[in-house]
Amino acid sequence: MVEPALKASGGLEPGVVTGEAYKNLVAACKAGGYALPAVNVIGTNTVNAVLEAAAANRSDVIIQLSNGGAQFFAGKGFPDGDLAKVLGAVSAARHVHLIAEHYGVCVVLHTDHANRKLVPWVDALIDHGEAHLRETGKPLFSSHMLDLSEEPIEENLEQCARVLERMAPLGMSLEIELGVTGGEEDGVGADLDAHSDSSRLYTQPEEVMQAYDRLTPIGPFSVAASFGNVHGVYQPGNVQLRPEILRDSQSLVQKERGTGANPLDFVFHGGSGSEKEKIAEAIDYGVFKMNIDTDTQFAFAERIGRFVDENPKAFRYQIDPEDGTPFKKLYDPRKWLREGEAGVVERLGQAFEDLGSKGRSLAQA
Ligand SMILES: [Zn+2]
């Protein structure tokens, strides 16, 4: 299989990273004490905004699609919803493969939560990944996620092992979920919030070691562990983040299996609205990826809302009914969609700062 050349500097070629390049990128994040934002996208507007933001901040970045985002990418009017989820993800990934390298940063391409009903979606994407590997030397995605956290852990890990056995030979990684992230995302996720009196919101270190033992011999994987994180943004004070759960899981595996420090690659779901100190603590305990969706959705909408407020007539009339001024330059979707993109770029600037990835792109090393 073809791998992007490693530069003498230890850097990577820009564009989509898979296989060894992906592993090097994750290792660099953990060694350097920073993480990458994983931003949910739904169309070329959001993809391009993420790439623009990464380039402007000289950071590598993770672009991901939920099943709903993938369906939207193919079109809400696409006749077959299940097929739209597959082809929308393929279409998004091809777009990223084509243009990402020109932005001069490394991009991890990923799909978000897939519960039991969505396992066929992931399998179909792996089929497309195999075809893409044959054609181009790279799989289509760097990684996929299986979220079987609602199933008993044995079933969760059995299914994850089966899927990772397919993915590892293609140079792909698997993200799994242990414990339950509160809130819900695109219909996937438990109907728990931080008020729920439930230990399920907190992953048990023993489960993390069980996953480590089952999956390490098969291939690269990461763990979305629950430490009180919740999807969405809620009133301050509702969420009690306990990143020490990550630390305790790392130390248990390190001690029991004789590994180096931070043997596991952790993922932080529900990062929107989190306190900076807790983010920094989570990174110390091996988080290399923090998902961000709610905050970039709001950034996109807020800017467009502001633009509409400032130019209300342009969204009601083609020509000003009072003085005949044409409004074409204002209602042209490129004008107000660009506002939304700029909102995402600005918000992500803060994310790169918070996660410490600004200025550290391996494509520029
Ligand atoms: Zn999530």
# chains A, B, ... in the order shown; residues from 1 in each chain; ligands from 1

$ select_by_dssp --residues "region 21-111 of chain A" --states "strand (DSSP E or B)" --output "list of chain:residue names"
A:Leu36, A:Pro37, A:Ala38, A:Val39, A:Asn40, A:Val61, A:Ile62, A:Ile63, A:Gln64, A:Leu65, A:Cys106, A:Val107, A:Val108, A:Leu109, A:His110, A:Thr111

$ write_last_selection --atoms "all heavy atoms" --output "short mmCIF file (atom, residue, chain, number, x, y, z; two decimals), in the first residue's frame"
data_model
loop_
_atom_site.label_atom_id
_atom_site.label_comp_id
_atom_site.auth_asym_id
_atom_site.auth_seq_id
_atom_site.Cartn_x
_atom_site.Cartn_y
_atom_site.Cartn_z
N LEU A 36 -6.44 17.89 18.34
CA LEU A 36 -7.01 18.49 17.14
C LEU A 36 -8.52 18.58 17.27
O LEU A 36 -9.16 17.65 17.77
CB LEU A 36 -6.67 17.63 15.91
CG LEU A 36 -5.19 17.39 15.63
CD1 LEU A 36 -5.02 16.49 14.40
CD2 LEU A 36 -4.46 18.72 15.42
N PRO A 37 -9.10 19.67 16.79
CA PRO A 37 -10.56 19.72 16.77
C PRO A 37 -11.08 18.80 15.66
O PRO A 37 -10.50 18.73 14.57
CB PRO A 37 -10.87 21.18 16.45
CG PRO A 37 -9.65 21.73 15.79
CD PRO A 37 -8.48 20.90 16.25
N ALA A 38 -12.15 18.07 15.97
CA ALA A 38 -12.83 17.24 14.97
C ALA A 38 -14.16 17.91 14.70
O ALA A 38 -15.03 17.95 15.57
CB ALA A 38 -13.03 15.83 15.49
N VAL A 39 -14.28 18.47 13.51
CA VAL A 39 -15.42 19.34 13.22
C VAL A 39 -16.42 18.62 12.33
O VAL A 39 -16.05 18.07 11.28
CB VAL A 39 -14.93 20.63 12.52
CG1 VAL A 39 -16.05 21.66 12.50
CG2 VAL A 39 -13.70 21.19 13.20
N ASN A 40 -17.67 18.60 12.73
CA ASN A 40 -18.71 17.99 11.91
C ASN A 40 -19.04 18.90 10.73
O ASN A 40 -19.22 20.10 10.90
CB ASN A 40 -19.97 17.75 12.74
CG ASN A 40 -19.81 16.54 13.64
OD1 ASN A 40 -19.06 16.59 14.61
ND2 ASN A 40 -20.49 15.46 13.31
N VAL A 61 -6.11 19.12 11.26
CA VAL A 61 -7.52 19.16 11.67
C VAL A 61 -8.19 17.83 11.34
O VAL A 61 -7.69 17.06 10.51
CB VAL A 61 -8.22 20.36 10.95
CG1 VAL A 61 -8.49 20.06 9.47
CG2 VAL A 61 -9.51 20.77 11.67
N ILE A 62 -9.30 17.58 12.01
CA ILE A 62 -10.09 16.38 11.75
C ILE A 62 -11.45 16.82 11.20
O ILE A 62 -12.11 17.67 11.79
CB ILE A 62 -10.27 15.54 13.03
CG1 ILE A 62 -8.90 15.12 13.57
CG2 ILE A 62 -11.15 14.31 12.74
CD1 ILE A 62 -8.92 14.48 14.95
N ILE A 63 -11.81 16.27 10.05
CA ILE A 63 -13.11 16.56 9.44
C ILE A 63 -13.96 15.32 9.56
O ILE A 63 -13.54 14.22 9.19
CB ILE A 63 -12.93 16.95 7.95
CG1 ILE A 63 -12.27 18.34 7.87
CG2 ILE A 63 -14.26 16.94 7.22
CD1 ILE A 63 -12.05 18.83 6.45
N GLN A 64 -15.17 15.44 10.12
CA GLN A 64 -15.99 14.26 10.30
C GLN A 64 -17.43 14.48 9.88
O GLN A 64 -17.93 15.60 9.87
CB GLN A 64 -15.90 13.75 11.75
CG GLN A 64 -16.46 14.68 12.80
CD GLN A 64 -16.19 14.17 14.22
OE1 GLN A 64 -15.37 13.28 14.43
NE2 GLN A 64 -16.88 14.73 15.20
N LEU A 65 -18.07 13.37 9.55
CA LEU A 65 -19.48 13.40 9.17
C LEU A 65 -20.27 12.47 10.07
O LEU A 65 -19.89 11.32 10.27
CB LEU A 65 -19.66 12.91 7.71
CG LEU A 65 -19.02 13.82 6.67
CD1 LEU A 65 -17.97 13.04 5.90
CD2 LEU A 65 -20.06 14.41 5.73
N CYS A 106 -2.48 18.78 7.27
CA CYS A 106 -2.90 17.38 7.30
C CYS A 106 -4.34 17.29 7.79
O CYS A 106 -4.74 18.02 8.72
CB CYS A 106 -2.01 16.57 8.23
SG CYS A 106 -0.29 16.52 7.71
N VAL A 107 -5.09 16.41 7.17
CA VAL A 107 -6.51 16.27 7.50
C VAL A 107 -6.83 14.80 7.78
O VAL A 107 -6.52 13.92 6.97
CB VAL A 107 -7.39 16.77 6.34
CG1 VAL A 107 -8.88 16.55 6.66
CG2 VAL A 107 -7.12 18.24 6.05
N VAL A 108 -7.41 14.56 8.94
CA VAL A 108 -7.93 13.24 9.27
C VAL A 108 -9.40 13.24 8.87
O VAL A 108 -10.15 14.14 9.23
CB VAL A 108 -7.81 12.95 10.79
CG1 VAL A 108 -8.56 11.67 11.16
CG2 VAL A 108 -6.34 12.85 11.19
N LEU A 109 -9.81 12.24 8.09
CA LEU A 109 -11.20 12.13 7.64
C LEU A 109 -11.87 11.02 8.43
O LEU A 109 -11.37 9.88 8.46
CB LEU A 109 -11.22 11.76 6.16
CG LEU A 109 -11.62 12.81 5.14
CD1 LEU A 109 -11.45 12.23 3.75
CD2 LEU A 109 -13.03 13.32 5.34
N HIS A 110 -13.02 11.33 9.02
CA HIS A 110 -13.60 10.42 10.00
C HIS A 110 -15.12 10.44 9.90
O HIS A 110 -15.70 11.43 9.46
CB HIS A 110 -13.13 10.90 11.39
CG HIS A 110 -13.64 10.12 12.54
ND1 HIS A 110 -13.21 8.85 12.84
CD2 HIS A 110 -14.57 10.43 13.49
CE1 HIS A 110 -13.83 8.42 13.94
NE2 HIS A 110 -14.67 9.36 14.35
N THR A 111 -15.76 9.35 10.32
CA THR A 111 -17.23 9.38 10.49
C THR A 111 -17.55 9.21 11.97
O THR A 111 -16.87 8.51 12.70
CB THR A 111 -17.96 8.31 9.67
OG1 THR A 111 -17.47 7.02 10.02
CG2 THR A 111 -17.80 8.56 8.17
#

$ residues_near_ligand --ligand "ligand 1" --cutoff "12 Å" --atoms "only C-alpha atoms and all ligand atoms" --output "PyMOL selection string"
chain A and resi 38-40+64-67+111-115+145-147+149+175-190+223-226+229-232+267-272+289-294

$ select_by_dssp --residues "region 181-329 of chain A" --states "helix (DSSP H, G or I)" --output "VMD selection string"
chain A and resid 199 to 201 205 to 215 244 to 257 276 to 284 294 to 310 312 to 315 328 to 329

$ write_last_selection --atoms "C-alpha atoms" --output "PDB file, in the first residue's frame"
ATOM      1  CA  SER A 199     -22.659   5.722  36.651  1.00  0.00           C
ATOM      2  CA  ARG A 200     -23.042   5.041  32.917  1.00  0.00           C
ATOM      3  CA  LEU A 201     -21.997   8.635  32.300  1.00  0.00           C
ATOM      4  CA  PRO A 205     -11.138   1.965  33.799  1.00  0.00           C
ATOM      5  CA  GLU A 206     -11.587  -1.854  33.822  1.00  0.00           C
ATOM      6  CA  GLU A 207     -13.674  -1.570  30.642  1.00  0.00           C
ATOM      7  CA  VAL A 208     -10.969   0.499  29.013  1.00  0.00           C
ATOM      8  CA  MET A 209      -8.433  -2.245  29.799  1.00  0.00           C
ATOM      9  CA  GLN A 210     -10.820  -4.861  28.392  1.00  0.00           C
ATOM     10  CA  ALA A 211     -10.958  -2.874  25.135  1.00  0.00           C
ATOM     11  CA  TYR A 212      -7.184  -2.466  25.137  1.00  0.00           C
ATOM     12  CA  ASP A 213      -6.689  -6.230  25.470  1.00  0.00           C
ATOM     13  CA  ARG A 214      -9.245  -7.110  22.794  1.00  0.00           C
ATOM     14  CA  LEU A 215      -8.333  -4.543  20.122  1.00  0.00           C
ATOM     15  CA  GLU A 244      -9.346  11.957  36.119  1.00  0.00           C
ATOM     16  CA  ILE A 245     -11.282   8.963  34.753  1.00  0.00           C
ATOM     17  CA  LEU A 246      -9.027   9.164  31.705  1.00  0.00           C
ATOM     18  CA  ARG A 247      -5.942   9.360  33.897  1.00  0.00           C
ATOM     19  CA  ASP A 248      -7.042   6.374  35.983  1.00  0.00           C
ATOM     20  CA  SER A 249      -7.721   4.309  32.841  1.00  0.00           C
ATOM     21  CA  GLN A 250      -4.277   5.126  31.438  1.00  0.00           C
ATOM     22  CA  SER A 251      -2.516   4.244  34.704  1.00  0.00           C
ATOM     23  CA  LEU A 252      -4.410   0.967  35.053  1.00  0.00           C
ATOM     24  CA  VAL A 253      -3.360  -0.225  31.585  1.00  0.00           C
ATOM     25  CA  GLN A 254       0.172   1.109  32.021  1.00  0.00           C
ATOM     26  CA  LYS A 255       0.558  -0.728  35.326  1.00  0.00           C
ATOM     27  CA  GLU A 256      -1.207  -3.999  34.434  1.00  0.00           C
ATOM     28  CA  ARG A 257       0.170  -4.351  30.904  1.00  0.00           C
ATOM     29  CA  LYS A 276     -10.437  25.480  29.134  1.00  0.00           C
ATOM     30  CA  GLU A 277      -8.860  23.970  32.266  1.00  0.00           C
ATOM     31  CA  LYS A 278     -10.760  20.700  31.867  1.00  0.00           C
ATOM     32  CA  ILE A 279      -9.787  20.562  28.197  1.00  0.00           C
ATOM     33  CA  ALA A 280      -6.112  21.012  29.107  1.00  0.00           C
ATOM     34  CA  GLU A 281      -6.399  18.318  31.774  1.00  0.00           C
ATOM     35  CA  ALA A 282      -8.023  15.886  29.323  1.00  0.00           C
ATOM     36  CA  ILE A 283      -5.190  16.486  26.846  1.00  0.00           C
ATOM     37  CA  ASP A 284      -2.650  15.668  29.579  1.00  0.00           C
ATOM     38  CA  THR A 294     -22.707  22.691  18.416  1.00  0.00           C
ATOM     39  CA  ASP A 295     -20.405  25.717  18.664  1.00  0.00           C
ATOM     40  CA  THR A 296     -19.561  25.790  14.951  1.00  0.00           C
ATOM     41  CA  GLN A 297     -23.242  25.321  14.041  1.00  0.00           C
ATOM     42  CA  PHE A 298     -24.051  28.370  16.128  1.00  0.00           C
ATOM     43  CA  ALA A 299     -21.132  30.346  14.675  1.00  0.00           C
ATOM     44  CA  PHE A 300     -22.410  29.648  11.137  1.00  0.00           C
ATOM     45  CA  ALA A 301     -26.002  30.607  11.982  1.00  0.00           C
ATOM     46  CA  GLU A 302     -25.188  33.612  14.159  1.00  0.00           C
ATOM     47  CA  ARG A 303     -23.237  35.393  11.422  1.00  0.00           C
ATOM     48  CA  ILE A 304     -25.924  34.798   8.838  1.00  0.00           C
ATOM     49  CA  GLY A 305     -28.580  35.958  11.290  1.00  0.00           C
ATOM     50  CA  ARG A 306     -26.633  39.150  11.866  1.00  0.00           C
ATOM     51  CA  PHE A 307     -26.288  39.713   8.107  1.00  0.00           C
ATOM     52  CA  VAL A 308     -30.029  39.244   7.581  1.00  0.00           C
ATOM     53  CA  ASP A 309     -30.769  41.648  10.448  1.00  0.00           C
ATOM     54  CA  GLU A 310     -28.497  44.241   8.867  1.00  0.00           C
ATOM     55  CA  PRO A 312     -33.611  42.814   5.982  1.00  0.00           C
ATOM     56  CA  LYS A 313     -35.005  44.242   2.751  1.00  0.00           C
ATOM     57  CA  ALA A 314     -32.597  42.219   0.598  1.00  0.00           C
ATOM     58  CA  PHE A 315     -34.244  39.055   1.920  1.00  0.00           C
ATOM     59  CA  LYS A 328     -28.697  41.125  -6.009  1.00  0.00           C
ATOM     60  CA  LYS A 329     -25.293  41.619  -4.394  1.00  0.00           C
TER      61      LYS A 329
END

$ closest_residue --among "A:Arg166, A:Gln159, A:Ser59, A:His97" --to "His132 (chain A)" --atoms "only C-alpha atoms"
A:His97

$ residues_around --residues "Val163 (chain A)" --least-positions-apart "5" --cutoff "12 Å" --atoms "only C-alpha atoms" --output "number ranges by chain"
A: 119-127, 143-146, 156-158, 168-170, 172-176, 215, 218-221

$ atom_distance --atom1 "CA of Ala31 (chain A)" --atom2 "CA of Gly11 (chain A)"
14.1 Å

$ residues_around --residues "Phe327 (chain A)" --least-positions-apart "5" --cutoff "8 Å" --atoms "only C-alpha atoms" --output "short mmCIF file (atom, residue, chain, number, x, y, z; two decimals) with N, CA and C atoms, in the first residue's frame"
data_model
loop_
_atom_site.label_atom_id
_atom_site.label_comp_id
_atom_site.auth_asym_id
_atom_site.auth_seq_id
_atom_site.Cartn_x
_atom_site.Cartn_y
_atom_site.Cartn_z
N ALA A 314 -33.18 43.04 1.67
CA ALA A 314 -32.60 42.22 0.60
C ALA A 314 -33.12 40.78 0.65
N TYR A 317 -37.10 41.57 -0.92
CA TYR A 317 -37.33 42.15 -2.25
C TYR A 317 -36.08 41.99 -3.10
N GLN A 318 -36.30 41.79 -4.42
CA GLN A 318 -35.14 41.79 -5.31
C GLN A 318 -34.67 43.22 -5.57
N ILE A 319 -35.63 44.15 -5.56
CA ILE A 319 -35.31 45.57 -5.79
C ILE A 319 -35.98 46.36 -4.67
N ASP A 320 -35.27 47.34 -4.13
CA ASP A 320 -35.83 48.15 -3.05
C ASP A 320 -37.13 48.81 -3.53
#

$ atom_distance --atom1 "CA of Ala100 (chain A)" --atom2 "CA of Val17 (chain A)"
10.3 Å

$ atom_distance --atom1 "CA of Ala93 (chain A)" --atom2 "CA of Gly359 (chain A)"
24.8 Å
